[in-house]
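J.: Sending over a structure as structure tokens; questions will come in a sec.
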Amino acid sequence: MKNKLFIATCLLLLTGNLVSAQYVTRFVKSGIIEFDKSTNVYALINREIALSKDENVFSAKAFEAYKKNHPQIQVLKSTLKFGDNKTLFTPEIADDDNNTNNWFDVPMSQQFNTTYTDINTSTRLSQKKVFEETFLVKDSTAQIKWKITGETRDILGYTCRRANGLILDSIYVVAFYTDQIPVVGGPESFTGLPGMILQVAMPHENVAWIATKVTDVTVPTTTLVPPKKGKAVNKEQFQATLKSAMKNWGVYAQAYLKSLQL
């Protein structure tokens, strides 16, 4: 009888351990995340028309023609590789026709930046394509003022917590990050939360980055290297160059400056 009780107890303990093992959280420290960047282009064009000091009648008519051939929500793809406490964000190159046309060039709907971040040294190097010129902008990681909230949501099977933040001093940002991927990173230059950002939105800019797939794979360190092509500048030099080139662009210049500083 004692032997039967002992065997039964062992079986219960073994079964309990096996069940518990099935629910052990796996922390992903290396992999590839695919993102969709979704932009409400109509909302941004409407804002440009409203802010323009020029005659708006022609712009409004051109916009109506534009809507017949272009969707309201534009989606562009990108990937984020991460491993060894480094990340490399690479946008997919889209056809120029998807980004611009004869009358409406919407900077926020485009993807200018390839961004390499070394979390250990808190540094980043961004390759930025501005018209016909390419820059390599060296800077520290973005200093975003985050406030973590109690709201959570499931993204691709990962429990994510919401954080609200400010970038570029005044632009409101909403992010969802997961500590199940314990890497301080995210799309573009969004970073600074205790885990990987899988979704981030700039509501007032009508744009969001949403993870569509996470691949748990060892990423070779040889592929996690900074871009090399471009004119090397620091952040201050880059901003001065942009402001000089766009000094006569009025309100439209602000849209470009925001997009290029992400």
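Following the order of the structure tokens, first chain is A, next is B, and so on, with residues numbered from 1 inside each chain and ligands from 1 in the order they appear.
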Distance table requested - stretch 106-153 of chain A against stretch 184-188 of chain A, cut-off 12 Å, only C-alpha atoms: one row per qualifying residue with the closest atom pair and its distance in Å to one decimal, ordered by chain and rising residue number, as CSV.

T.:
residue,atom,partner,partner_atom,distance
A:Gln111,CA,A:Glu188,CA,9.2
A:Phe112,CA,A:Glu188,CA,9.6
A:Asn113,CA,A:Glu188,CA,7.0
A:Thr114,CA,A:Glu188,CA,7.5
A:Thr115,CA,A:Glu188,CA,6.3
A:Tyr116,CA,A:Glu188,CA,9.1
A:Thr117,CA,A:Gly185,CA,8.2
A:Asp118,CA,A:Gly185,CA,9.7
A:Ile119,CA,A:Val184,CA,7.0
A:Asn120,CA,A:Val184,CA,10.0
A:Ser122,CA,A:Val184,CA,10.2
A:Arg124,CA,A:Glu188,CA,10.7
A:Leu125,CA,A:Glu188,CA,11.2
A:Ser126,CA,A:Glu188,CA,9.1
A:Gln127,CA,A:Glu188,CA,11.0
A:Lys128,CA,A:Glu188,CA,11.2
A:Thr141,CA,A:Gly185,CA,9.9
A:Ala142,CA,A:Glu188,CA,10.3

J.: Please report, as a VMD selection string, each residue of stretch 41-253 of chain A to which DSSP assigns helix (DSSP H, G or I) when run on this structure's backbone.

T.: chain A and resid 41 to 51 57 to 69 96 to 99 107 to 109 203 to 205 221 to 223 235 to 245 251 to 253

J.: Name the residues in contact with A:Leu156 at a cut-off of 9 Å, using only C-alpha atoms, excluding same-chain residues fewer than 5 positions from it; report them as a PyMOL selection string.

T.: chain A and resi 198+211-214

J.: List the spatial neighbours of stretch 68-78 of chain A as JSON, numbers by chain - criterion: any atom at most 12 Å away, only C-alpha atoms, same-chain residues fewer than 2 positions off excluded.

T.: {"A": [32, 33, 34, 35, 36, 37, 38, 39, 40, 41, 42, 43, 44, 45, 46, 61, 62, 63, 64, 65, 66, 80, 81, 88, 89, 90, 91, 92, 93, 94, 95, 96, 97, 98, 99, 100, 101, 104, 106, 108, 109, 110, 111, 112, 113, 114, 115, 186, 187, 188, 206, 207, 208, 209, 210, 211, 212, 213]}

J.: From stretch 34-138 of chain A, collect each residue whose DSSP state is strand (DSSP E) and return the set as a ChimeraX atom specification.

T.: /A:34-40,73-83,86-91,113-118,123-130,133-138
